[in-house]
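Visitor: Quick one, model_36.txt (compact mmCIF, C-alpha atoms and all ligand atoms):
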# COMPACT_ATOMS: atom_id res chain seq x y z
CA MET A 1 -61.25 90.45 -23.20
CA LYS A 2 -58.25 92.54 -24.21
CA LYS A 3 -54.79 91.83 -22.78
CA ASN A 4 -54.52 94.51 -20.07
CA THR A 5 -58.03 93.76 -18.83
CA ALA A 6 -57.09 90.07 -18.69
CA ILE A 7 -53.91 90.90 -16.76
CA VAL A 8 -55.90 92.84 -14.15
CA ASN A 9 -58.51 90.09 -13.72
CA ALA A 10 -56.53 86.86 -14.19
CA GLY A 11 -56.90 84.34 -11.34
CA ARG A 12 -59.05 86.62 -9.18
CA GLN A 13 -61.98 84.21 -8.74
CA LYS A 14 -63.85 84.74 -5.49
CA LYS A 15 -63.22 81.13 -4.43
CA TRP A 16 -59.50 82.05 -4.13
CA THR A 17 -59.73 85.69 -3.00
CA GLN A 18 -62.86 85.54 -0.79
CA GLY A 19 -63.55 89.03 -2.14
CA VAL A 20 -60.31 90.84 -1.37
CA ILE A 21 -58.50 92.27 -4.39
CA ASN A 22 -55.19 90.41 -4.13
CA PRO A 23 -55.42 86.64 -3.53
CA PRO A 24 -54.09 86.32 0.05
CA VAL A 25 -51.14 84.20 1.20
CA PHE A 26 -52.31 80.79 2.40
CA ARG A 27 -49.36 79.01 3.97
CA ALA A 28 -49.89 75.33 4.69
CA SER A 29 -48.43 71.94 5.13
CA THR A 30 -51.29 70.14 6.93
CA ILE A 31 -54.87 70.81 5.92
CA VAL A 32 -57.39 69.24 8.32
CA PHE A 33 -60.72 67.59 7.50
CA ASP A 34 -63.92 67.41 9.54
CA SER A 35 -64.72 63.80 8.70
CA VAL A 36 -63.39 60.65 7.07
CA LEU A 37 -65.76 61.29 4.18
CA ASP A 38 -64.40 64.83 3.63
CA MET A 39 -60.87 63.47 3.67
CA LYS A 40 -61.78 60.81 1.10
CA LYS A 41 -63.43 63.41 -1.14
CA ALA A 42 -60.34 65.65 -0.96
CA THR A 43 -58.07 62.66 -1.72
CA ALA A 44 -60.09 61.83 -4.82
CA LYS A 45 -59.73 65.41 -6.08
CA ARG A 46 -56.14 66.01 -4.97
CA GLY A 47 -54.80 66.72 -8.46
CA GLU A 48 -57.49 69.31 -9.21
CA GLN A 49 -56.87 72.41 -7.12
CA ALA A 50 -58.38 70.87 -3.99
CA MET A 51 -57.28 71.66 -0.43
CA PHE A 52 -55.46 68.40 0.30
CA TYR A 53 -51.86 68.89 1.46
CA GLY A 54 -49.54 71.91 1.21
CA ARG A 55 -47.36 70.35 -1.47
CA ARG A 56 -50.37 70.17 -3.80
CA GLY A 57 -50.86 73.91 -3.33
CA THR A 58 -53.15 76.31 -1.52
CA PRO A 59 -55.58 78.93 -2.89
CA THR A 60 -52.57 81.24 -3.43
CA THR A 61 -51.01 78.65 -5.77
CA PHE A 62 -54.32 77.89 -7.47
CA ALA A 63 -55.07 81.56 -8.14
CA PHE A 64 -51.64 82.11 -9.70
CA ALA A 65 -51.84 78.89 -11.76
CA ASP A 66 -55.27 80.01 -13.03
CA ALA A 67 -53.89 83.45 -13.85
CA MET A 68 -51.05 81.96 -15.88
CA THR A 69 -53.39 79.59 -17.71
CA GLU A 70 -55.71 82.47 -18.54
CA LEU A 71 -52.88 84.68 -19.80
CA GLU A 72 -50.66 82.16 -21.56
CA GLY A 73 -53.39 79.71 -22.63
CA GLY A 74 -53.35 75.94 -22.27
CA ALA A 75 -55.22 73.58 -19.98
CA GLY A 76 -53.30 73.99 -16.73
CA CYS A 77 -50.20 75.41 -15.09
CA TYR A 78 -47.77 73.93 -12.55
CA VAL A 79 -45.79 76.28 -10.29
CA TYR A 80 -42.12 75.59 -9.41
CA PRO A 81 -39.60 77.21 -7.07
CA CYS A 82 -37.62 78.70 -10.01
CA GLY A 83 -37.51 78.78 -13.80
CA THR A 84 -34.79 76.13 -13.98
CA ALA A 85 -36.94 73.70 -11.96
CA ALA A 86 -39.77 74.32 -14.43
CA ILE A 87 -37.48 73.58 -17.40
CA THR A 88 -35.98 70.39 -15.99
CA SER A 89 -39.32 69.07 -14.69
CA ALA A 90 -41.06 69.74 -18.00
CA ILE A 91 -38.32 67.88 -19.87
CA LEU A 92 -38.29 64.95 -17.42
CA ALA A 93 -42.05 64.55 -17.77
CA PHE A 94 -41.70 63.72 -21.47
CA VAL A 95 -38.41 61.80 -21.88
CA LYS A 96 -37.31 58.33 -20.81
CA THR A 97 -34.08 56.38 -21.11
CA GLY A 98 -33.31 55.61 -24.74
CA ASP A 99 -35.12 58.69 -26.08
CA HIS A 100 -33.63 61.45 -28.20
CA LEU A 101 -34.16 65.15 -27.49
CA LEU A 102 -33.53 68.11 -29.80
CA MET A 103 -32.24 71.15 -27.88
CA VAL A 104 -31.80 74.60 -29.40
CA ASP A 105 -28.12 75.63 -29.49
CA THR A 106 -28.92 79.04 -27.96
CA ALA A 107 -30.58 77.65 -24.82
CA TYR A 108 -30.04 79.24 -21.41
CA GLU A 109 -26.73 77.83 -20.12
CA PRO A 110 -28.15 75.75 -17.20
CA THR A 111 -30.68 74.18 -19.64
CA ARG A 112 -27.73 73.14 -21.80
CA ASP A 113 -25.82 71.84 -18.77
CA PHE A 114 -28.84 69.78 -17.70
CA CYS A 115 -28.83 68.10 -21.12
CA GLU A 116 -25.10 67.44 -21.10
CA LYS A 117 -24.99 66.15 -17.52
CA THR A 118 -28.33 64.93 -16.12
CA LEU A 119 -29.95 63.75 -19.37
CA ALA A 120 -26.69 62.10 -20.48
CA ASN A 121 -26.57 60.22 -17.16
CA LEU A 122 -30.15 59.07 -17.68
CA GLY A 123 -29.33 57.71 -21.14
CA VAL A 124 -31.23 60.38 -23.08
CA GLU A 125 -29.41 61.36 -26.27
CA VAL A 126 -29.36 65.11 -27.01
CA THR A 127 -28.69 66.83 -30.33
CA PHE A 128 -28.19 70.60 -30.27
CA TYR A 129 -29.67 72.35 -33.30
CA ASP A 130 -29.27 75.68 -35.07
CA PRO A 131 -31.94 78.15 -33.81
CA MET A 132 -32.52 79.15 -37.45
CA VAL A 133 -33.22 75.56 -38.56
CA GLY A 134 -36.95 76.20 -39.10
CA ARG A 135 -38.80 73.39 -40.88
CA ASN A 136 -35.48 71.68 -41.66
CA ILE A 137 -35.68 70.33 -38.11
CA GLU A 138 -37.34 67.38 -39.87
CA GLN A 139 -33.88 66.17 -40.96
CA LEU A 140 -32.77 65.94 -37.32
CA ILE A 141 -35.76 63.98 -36.04
CA LYS A 142 -35.04 60.33 -35.25
CA PRO A 143 -37.54 57.52 -34.63
CA ASN A 144 -36.88 57.91 -30.86
CA THR A 145 -37.12 61.74 -30.73
CA SER A 146 -39.63 62.51 -28.00
CA VAL A 147 -39.01 66.20 -27.19
CA ILE A 148 -38.03 69.29 -29.18
CA PHE A 149 -37.03 72.16 -26.90
CA LEU A 150 -37.08 75.78 -28.09
CA GLU A 151 -36.06 79.06 -26.55
CA SER A 152 -37.02 82.08 -28.58
CA PRO A 153 -35.36 84.56 -28.67
CA GLY A 154 -32.21 82.65 -27.68
CA SER A 155 -30.29 83.44 -24.50
CA LEU A 156 -27.68 86.20 -24.92
CA THR A 157 -27.72 86.22 -28.75
CA MET A 158 -31.49 86.62 -29.27
CA GLU A 159 -32.10 84.60 -32.47
CA VAL A 160 -35.87 84.27 -33.05
CA GLN A 161 -37.10 80.79 -33.98
CA ASP A 162 -39.80 79.72 -36.44
CA VAL A 163 -41.92 78.30 -33.61
CA PRO A 164 -45.04 77.44 -35.68
CA GLY A 165 -42.90 75.88 -38.43
CA ILE A 166 -41.06 73.62 -35.96
CA CYS A 167 -44.32 72.71 -34.15
CA ASP A 168 -45.97 71.84 -37.45
CA VAL A 169 -43.13 69.49 -38.42
CA ALA A 170 -43.03 67.95 -34.92
CA HIS A 171 -46.75 67.24 -34.89
CA SER A 172 -46.84 65.74 -38.37
CA GLN A 173 -44.45 62.90 -37.43
CA GLN A 174 -45.58 59.31 -36.82
CA GLN A 175 -44.31 59.33 -33.24
CA ASP A 176 -45.52 61.52 -30.39
CA ILE A 177 -43.20 64.53 -30.06
CA THR A 178 -43.71 67.09 -27.30
CA VAL A 179 -42.66 70.66 -28.13
CA ILE A 180 -41.50 72.60 -25.07
CA LEU A 181 -40.75 76.34 -25.31
CA ASP A 182 -38.86 78.53 -22.86
CA ASN A 183 -41.14 81.56 -23.31
CA THR A 184 -39.51 83.70 -20.60
CA TRP A 185 -38.34 86.55 -22.87
CA ALA A 186 -41.88 87.16 -24.12
CA SER A 187 -43.62 86.57 -20.76
CA PRO A 188 -47.32 85.65 -21.21
CA VAL A 189 -47.84 89.01 -22.96
CA LEU A 190 -45.63 89.16 -26.07
CA PHE A 191 -46.01 85.62 -27.50
CA GLN A 192 -48.97 83.25 -27.26
CA PRO A 193 -47.36 79.78 -27.28
CA PHE A 194 -50.47 77.65 -27.71
CA ASP A 195 -51.71 79.66 -30.71
CA HIS A 196 -48.42 78.72 -32.38
CA GLY A 197 -48.55 74.96 -31.72
CA VAL A 198 -46.43 74.64 -28.56
CA ASP A 199 -47.35 71.80 -26.15
CA VAL A 200 -45.67 73.06 -22.96
CA SER A 201 -44.63 76.67 -22.28
CA VAL A 202 -42.11 77.43 -19.54
CA GLN A 203 -41.67 80.75 -17.77
CA ALA A 204 -38.88 81.80 -15.44
CA ALA A 205 -41.44 83.89 -13.50
CA THR A 206 -38.39 85.19 -11.61
CA LYS A 207 -38.04 87.69 -14.51
CA TYR A 208 -40.90 89.90 -15.73
CA ILE A 209 -43.75 88.16 -13.88
CA VAL A 210 -42.31 88.77 -10.40
CA GLY A 211 -40.84 91.89 -11.97
CA HIS A 212 -39.11 93.33 -8.89
CA SER A 213 -36.02 91.08 -8.48
CA ASP A 214 -37.19 89.86 -5.07
CA ALA A 215 -38.35 86.27 -5.61
CA MET A 216 -37.54 83.12 -7.57
CA LEU A 217 -40.38 81.28 -9.32
CA GLY A 218 -41.13 79.16 -12.38
CA THR A 219 -44.18 77.93 -14.26
CA ALA A 220 -44.98 75.38 -16.94
CA THR A 221 -48.30 75.65 -18.74
CA ALA A 222 -49.47 72.76 -20.91
CA ASN A 223 -52.14 72.00 -23.48
CA GLU A 224 -54.94 69.49 -22.86
CA LYS A 225 -52.88 66.56 -24.15
CA CYS A 226 -49.77 67.20 -22.03
CA TRP A 227 -51.25 68.69 -18.85
CA PRO A 228 -52.01 65.43 -16.92
CA THR A 229 -48.50 64.05 -17.61
CA LEU A 230 -46.78 67.33 -16.71
CA ARG A 231 -48.82 67.76 -13.52
CA GLU A 232 -48.34 64.22 -12.22
CA ASN A 233 -44.61 64.03 -13.03
CA SER A 234 -43.90 67.41 -11.48
CA TYR A 235 -45.74 66.35 -8.34
CA LEU A 236 -43.77 63.08 -8.22
CA LEU A 237 -40.57 65.13 -8.34
CA GLY A 238 -41.77 66.95 -5.23
CA GLN A 239 -42.02 70.31 -6.96
CA CYS A 240 -43.87 73.02 -5.08
CA ALA A 241 -43.39 76.74 -4.58
CA SER A 242 -43.67 79.02 -1.57
CA PRO A 243 -47.02 80.86 -1.26
CA ASP A 244 -45.11 84.01 -0.24
CA ASP A 245 -43.17 84.01 -3.51
CA ILE A 246 -46.33 83.25 -5.46
CA TYR A 247 -48.01 86.21 -3.78
CA LEU A 248 -45.21 88.46 -5.03
CA ALA A 249 -45.65 87.06 -8.54
CA MET A 250 -49.41 87.73 -8.37
CA ARG A 251 -48.70 91.30 -7.34
CA GLY A 252 -46.08 91.69 -10.04
CA ILE A 253 -48.25 90.35 -12.82
CA ARG A 254 -50.86 93.14 -12.50
CA THR A 255 -48.44 95.73 -13.88
CA LEU A 256 -46.83 93.44 -16.46
CA GLY A 257 -48.52 95.12 -19.43
CA VAL A 258 -47.53 98.69 -18.56
CA ARG A 259 -44.05 97.69 -17.38
CA LEU A 260 -43.33 95.84 -20.62
CA LYS A 261 -44.48 98.80 -22.72
CA GLN A 262 -42.01 101.06 -20.92
CA HIS A 263 -39.18 98.47 -21.00
CA GLN A 264 -39.78 98.13 -24.74
CA ALA A 265 -39.77 101.88 -25.44
CA ASN A 266 -36.66 102.52 -23.31
CA ALA A 267 -34.77 99.56 -24.77
CA LEU A 268 -35.54 100.44 -28.38
CA GLN A 269 -34.35 104.00 -27.85
CA ILE A 270 -31.07 102.79 -26.32
CA ALA A 271 -30.60 100.02 -28.91
CA GLU A 272 -30.96 102.59 -31.71
CA TRP A 273 -28.47 104.91 -29.98
CA LEU A 274 -26.00 102.03 -29.57
CA ALA A 275 -26.32 101.01 -33.24
CA LYS A 276 -24.88 104.42 -34.22
CA ARG A 277 -21.89 104.24 -31.86
CA ASP A 278 -18.40 103.62 -33.26
CA GLU A 279 -17.62 101.26 -30.35
CA VAL A 280 -20.44 98.89 -31.36
CA GLU A 281 -20.01 96.18 -34.00
CA CYS A 282 -23.70 95.29 -34.02
CA VAL A 283 -26.83 95.28 -31.89
CA LEU A 284 -28.61 91.96 -31.27
CA HIS A 285 -32.27 92.93 -30.91
CA PRO A 286 -35.20 90.93 -32.35
CA ALA A 287 -36.93 94.15 -33.51
CA PHE A 288 -33.95 95.11 -35.70
CA GLU A 289 -34.52 94.31 -39.38
CA ASN A 290 -31.18 92.59 -39.94
CA HIS A 291 -31.50 90.40 -36.83
CA PRO A 292 -31.68 86.60 -37.35
CA GLY A 293 -35.33 85.59 -37.25
CA HIS A 294 -36.67 89.19 -37.42
CA GLU A 295 -39.31 88.01 -39.91
CA TYR A 296 -40.65 85.53 -37.30
CA PHE A 297 -40.51 88.22 -34.63
CA LYS A 298 -42.65 90.50 -36.81
CA ARG A 299 -45.04 87.69 -37.68
CA ASP A 300 -45.49 86.09 -34.23
CA PHE A 301 -44.64 88.54 -31.43
CA LEU A 302 -46.74 91.38 -30.03
CA GLY A 303 -43.75 93.52 -29.05
CA SER A 304 -40.34 93.49 -27.42
CA ASN A 305 -39.02 93.99 -23.90
CA GLY A 306 -35.96 95.44 -22.14
CA LEU A 307 -33.45 92.65 -22.83
CA PHE A 308 -31.00 92.72 -25.74
CA SER A 309 -27.27 92.51 -26.44
CA PHE A 310 -24.58 94.19 -28.49
CA ILE A 311 -21.09 93.23 -29.67
CA LEU A 312 -18.13 95.51 -29.03
CA LYS A 313 -15.97 96.38 -32.04
CA ASP A 314 -12.76 96.51 -30.09
CA SER A 315 -11.95 95.51 -26.54
CA ASN A 316 -9.57 93.75 -24.20
CA SER A 317 -10.22 92.55 -20.67
CA GLN A 318 -8.77 95.67 -19.03
CA ALA A 319 -10.85 98.00 -21.21
CA LEU A 320 -14.00 95.93 -20.70
CA ASN A 321 -13.51 95.90 -16.94
CA ALA A 322 -12.95 99.66 -16.91
CA MET A 323 -16.21 100.15 -18.82
CA LEU A 324 -18.26 97.87 -16.56
CA ASP A 325 -16.75 98.81 -13.20
CA GLY A 326 -17.66 102.49 -13.38
CA MET A 327 -21.35 102.18 -14.22
CA GLU A 328 -23.71 104.23 -12.09
CA HIS A 329 -27.17 103.00 -13.14
CA PHE A 330 -26.39 99.71 -14.91
CA LYS A 331 -25.75 97.27 -12.08
CA MET A 332 -23.80 94.06 -12.71
CA GLY A 333 -25.65 90.91 -11.76
CA PHE A 334 -27.38 87.82 -13.07
CA SER A 335 -31.04 87.59 -13.99
CA TRP A 336 -33.18 90.33 -15.56
CA GLY A 337 -36.82 91.39 -15.75
CA GLY A 338 -36.89 93.63 -12.68
CA TYR A 339 -37.49 97.40 -12.83
CA GLU A 340 -33.76 98.14 -12.75
CA SER A 341 -31.14 98.26 -15.50
CA LEU A 342 -28.46 95.57 -15.60
CA ILE A 343 -25.28 94.95 -17.57
CA LEU A 344 -23.43 91.69 -18.16
CA ALA A 345 -20.48 90.92 -20.46
CA ASN A 346 -19.65 87.56 -22.01
CA SER A 347 -16.39 86.94 -23.87
CA ASN A 348 -17.02 83.22 -24.36
CA VAL A 349 -20.21 82.96 -26.41
CA ALA A 350 -18.56 80.46 -28.80
CA LYS A 351 -18.12 78.03 -25.88
CA LEU A 352 -21.87 78.08 -25.22
CA ARG A 353 -22.79 76.56 -28.58
CA SER A 354 -21.86 73.41 -30.44
CA ALA A 355 -24.14 73.27 -33.51
CA THR A 356 -23.57 76.75 -34.88
CA PRO A 357 -20.44 78.87 -35.33
CA TRP A 358 -20.25 82.22 -33.52
CA PRO A 359 -18.83 84.86 -35.86
CA PHE A 360 -17.58 87.43 -33.32
CA ASP A 361 -14.37 87.32 -31.31
CA LYS A 362 -15.02 90.47 -29.28
CA PRO A 363 -17.18 90.47 -26.12
CA LEU A 364 -20.94 90.47 -26.12
CA VAL A 365 -22.59 92.87 -23.68
CA ARG A 366 -26.13 92.07 -22.55
CA LEU A 367 -28.27 94.91 -21.23
CA HIS A 368 -31.51 94.78 -19.36
CA ILE A 369 -33.06 98.21 -19.77
CA GLY A 370 -35.09 99.12 -16.72
CA LEU A 371 -37.62 101.84 -15.99
CA GLU A 372 -35.15 104.66 -15.28
CA ASP A 373 -35.10 107.72 -17.56
CA VAL A 374 -33.40 106.86 -20.85
CA GLU A 375 -31.32 110.05 -20.77
CA ASP A 376 -29.61 108.94 -17.53
CA LEU A 377 -28.95 105.47 -18.94
CA ILE A 378 -27.42 106.90 -22.12
CA VAL A 379 -25.09 109.17 -20.12
CA ASP A 380 -24.03 106.11 -18.10
CA LEU A 381 -23.24 104.11 -21.26
CA GLU A 382 -21.52 107.08 -22.89
CA LYS A 383 -19.19 107.45 -19.89
CA GLY A 384 -18.56 103.69 -20.07
CA PHE A 385 -17.43 104.03 -23.69
CA VAL A 386 -15.08 106.89 -22.69
CA ARG A 387 -13.43 104.57 -20.11
CA LEU A 388 -13.25 101.77 -22.69
CA ASN A 389 -11.65 104.03 -25.32
CA GLU A 390 -9.12 105.43 -22.86
CA CYS A 391 -7.87 101.92 -22.10
CA LEU A 392 -7.68 101.05 -25.81
CA LYS A 393 -5.53 104.10 -26.72
C1 LIG B 401 -34.39 82.42 -20.62
C2 LIG B 401 -34.26 81.93 -19.22
N1 LIG B 401 -34.85 80.79 -18.88
C3 LIG B 401 -34.78 80.30 -17.64
C4 LIG B 401 -34.06 80.94 -16.65
C5 LIG B 401 -33.98 80.32 -15.28
O1 LIG B 401 -34.77 80.95 -14.35
P1 LIG B 401 -34.44 80.88 -12.79
O2 LIG B 401 -33.26 81.78 -12.56
O3 LIG B 401 -35.69 81.34 -12.13
O4 LIG B 401 -34.10 79.47 -12.45
C6 LIG B 401 -33.43 82.14 -16.95
C7 LIG B 401 -32.66 82.86 -15.91
O5 LIG B 401 -31.87 83.74 -16.19
C8 LIG B 401 -33.52 82.64 -18.28
O6 LIG B 401 -32.90 83.79 -18.63
The structure given in the file should be rewritten as structure tokens.
Ligand SMILES: Cc1ncc(COP(=O)(O)O)c(C=O)c1O
Guide:
Amino acid sequence: MKKNTAIVNAGRQKKWTQGVINPPVFRASTIVFDSVLDMKKATAKRGEQAMFYGRRGTPTTFAFADAMTELEGGAGCYVYPCGTAAITSAILAFVKTGDHLLMVDTAYEPTRDFCEKTLANLGVEVTFYDPMVGRNIEQLIKPNTSVIFLESPGSLTMEVQDVPGICDVAHSQQQDITVILDNTWASPVLFQPFDHGVDVSVQAATKYIVGHSDAMLGTATANEKCWPTLRENSYLLGQCASPDDIYLAMRGIRTLGVRLKQHQANALQIAEWLAKRDEVECVLHPAFENHPGHEYFKRDFLGSNGLFSFILKDSNSQALNAMLDGMEHFKMGFSWGGYESLILANSNVAKLRSATPWPFDKPLVRLHIGLEDVEDLIVDLEKGFVRLNECLK
């Protein structure tokens, strides 16, 4: 089955939908049984998509988990109330006190904070590594390394990692190392984690899967080896997601293929326009030939999306504020992956990394290019540059 056909059909088994097109919202805490025997049977099957108790999920959860497993691959998928919960639960399932974890230096900031605070408190040692380390990750592996965490492309700065190279090294060690990937940028469409050797793939479904900026959700999909451990540990942590939010994700996912195509086309057009602007030092986009890890992007990814960054050549806080404050279509706000365009500036990228130097001292601007007409977005950015230049005179 080709990708768009799979997107339309994923998770729509009759046992979950009862024949309607969209799997309905089943809200539940208590689920009642007709007999002691039925209750015993459900208890025995409680980890396997059985109607048992609301926290274990309802057909809405099961349909979405099936959809994600079909689209991303792997043996099973656990659904969490947000992407951060998926990241922290996936990590906690595979580390214990005394272990060592390798974390990519370009990880999403809360992932980094979790390592520096929660994992440190639990006695898990963390080493941050250069996203471009590739197979040289071998030199950083210790006898007690139990998890290597990747995020590709990296948050804000978009470096693309050699995922298969790192997985290959991880899996050829004597000890058992679990490779976890934050695959949010690619969604289940642009990168197939299990074909590249990943053990657990995490999605902040809040982004492109929900796709409309109206719900928080996370998923972690695991291969055969890691699925039972991930599922049981996530359940023990009390992780469960609202069926209403899952319903929105199931609705969102059906248009993921066409939305991504348009995000990609719009973003590439704007990235190319920005690259020619005098105000721009450089564009950080995985599809650009000079971008770190572009060769891996070309080799492993099926396309790009609407999220990329650029570095300003010259700026000060007054000029940057003037540029951002007057935007008409680019709204300022956290997150990304909805249908709308967003803009976010960061003047402190160097503070977000410890293993790799950051060569720029001017602000980074991250754009999420939405589904508006590109011409309107370019006019908006052009006017922003006029405000920036006026302040710099
Ligand atoms: C790459 C990446 N991973 C994870 C997350 C966390 O997702 P959530 O906001 O749903 O917790 C984000 C959110 O911005 C993200 O950009």
Visitor: Leaving out Ile270 of chain A and any residue of its chain fewer than 2 positions from it, which residues lie within 9 Å of it when counting only C-alpha atoms, given as a PyMOL selection string?
Guide: chain A and resi 265-268+272-275+369+374+377-378
Visitor: Kindly compile the residues surrounding ligand LIG 401 (chain B) within 8 Å, counting only C-alpha atoms and all ligand atoms, and format them as a ChimeraX atom specification.
Guide: /A:81-87,107-108,110-111,151,154-155,182-185,203-207,216-218,334-336
Visitor: Put a box with edges along x, y and z around all the listed atoms of segment 51-57 of chain A, pad it by 5 Å on each side, then give me its centre and sizes in Å, one decimal, as lines of an AutoDock Vina configuration file.
Guide:
center_x = -52.3
center_y = 71.2
center_z = -1.2
size_x = 19.9
size_y = 15.5
size_z = 15.3
Visitor: One decimal, in Å: what's the spacing between atom CA of Asp325 of chain A and atom CA of Leu342 of chain A?
Guide: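 Spanning atom CA of Asp325 of chain A to atom CA of Leu342 of chain A is a straight-line distance of 12.4 Å.
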Visitor: Which is closer to Gly338 of chain A than all the others in A:Ile7, A:Ile21, A:Ile177, A:Val210, using all atoms listed in the file?
Guide: A:Val210
Visitor: Excluding Ile343 of chain A and any residue of its chain fewer than 5 positions from it, enumerate the residues within 12 Å of it, using all atoms listed in the file, and give them as a PyMOL selection string.
Guide: chain A and resi 156+306-310+320-321+323-336+364-370+377+380-381+384
Visitor: List the neighbours of segment 219-228 of chain A out to 8 Å using all atoms listed in the file; skip same-chain residues closer than 3 positions along the sequence, and give me the result as a list in words.
Guide: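 So the residues in contact are Met68, Thr69, Glu72, Gly73, Gly74, Ala75, Gly76, Cys77, Tyr78, Val79, Tyr80, Cys82, Gly83, Ala86, Ile87, Ala90, Phe194, Asp199, Val200, Ser201, Val202, Gln203, Ala204, Ala205, Arg231 and Glu232 of chain A.
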Visitor: Between atom CA of Thr30 of chain A and atom CA of Gly54 of chain A, what is the spacing in Å?
Guide: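 These two atoms are separated by 6.2 Å.
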Visitor: Give me the residues within 9 Å of segment 246-256 of chain A as a PyMOL selection string, counting only C-alpha atoms and dropping any in the same chain fewer than 6 places off.
Guide: chain A and resi 4+7-11+22-25+60-61+63-64+67+79+187+189+205-206+208-212+214-215+217
Visitor: So what do you get for atom CA of Ala6 of chain A versus atom CA of Glu70 of chain A, distance-wise?
Guide: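 Computing the Euclidean distance for atom CA of Ala6 of chain A and atom CA of Glu70 of chain A yields 7.7 Å.
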Visitor: In terms of the shortest atom-to-atom distance over all atoms listed in the file, which of A:Phe128, A:Trp16, A:Trp358, A:Tyr296 is closest to Val163 of chain A?
Guide: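 Smallest distance to Val163 of chain A is found for A:Tyr296.
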Visitor: May I have the residues within 12 Å of Arg55 of chain A as a list in words, using only C-alpha atoms and disregarding those fewer than 4 positions away in the same chain?
Guide: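 The contact residues come out as Arg27, Ala28, Ser29, Thr30, Ile31, Arg46, Gly47, Gln49, Ala50, Met51, Pro59, Thr61, Phe62, Tyr78, Val79, Tyr80, Pro81, Ser234, Tyr235, Leu236, Leu237, Gly238, Gln239, Cys240, Ala241, Ser242 and Pro243 of chain A.
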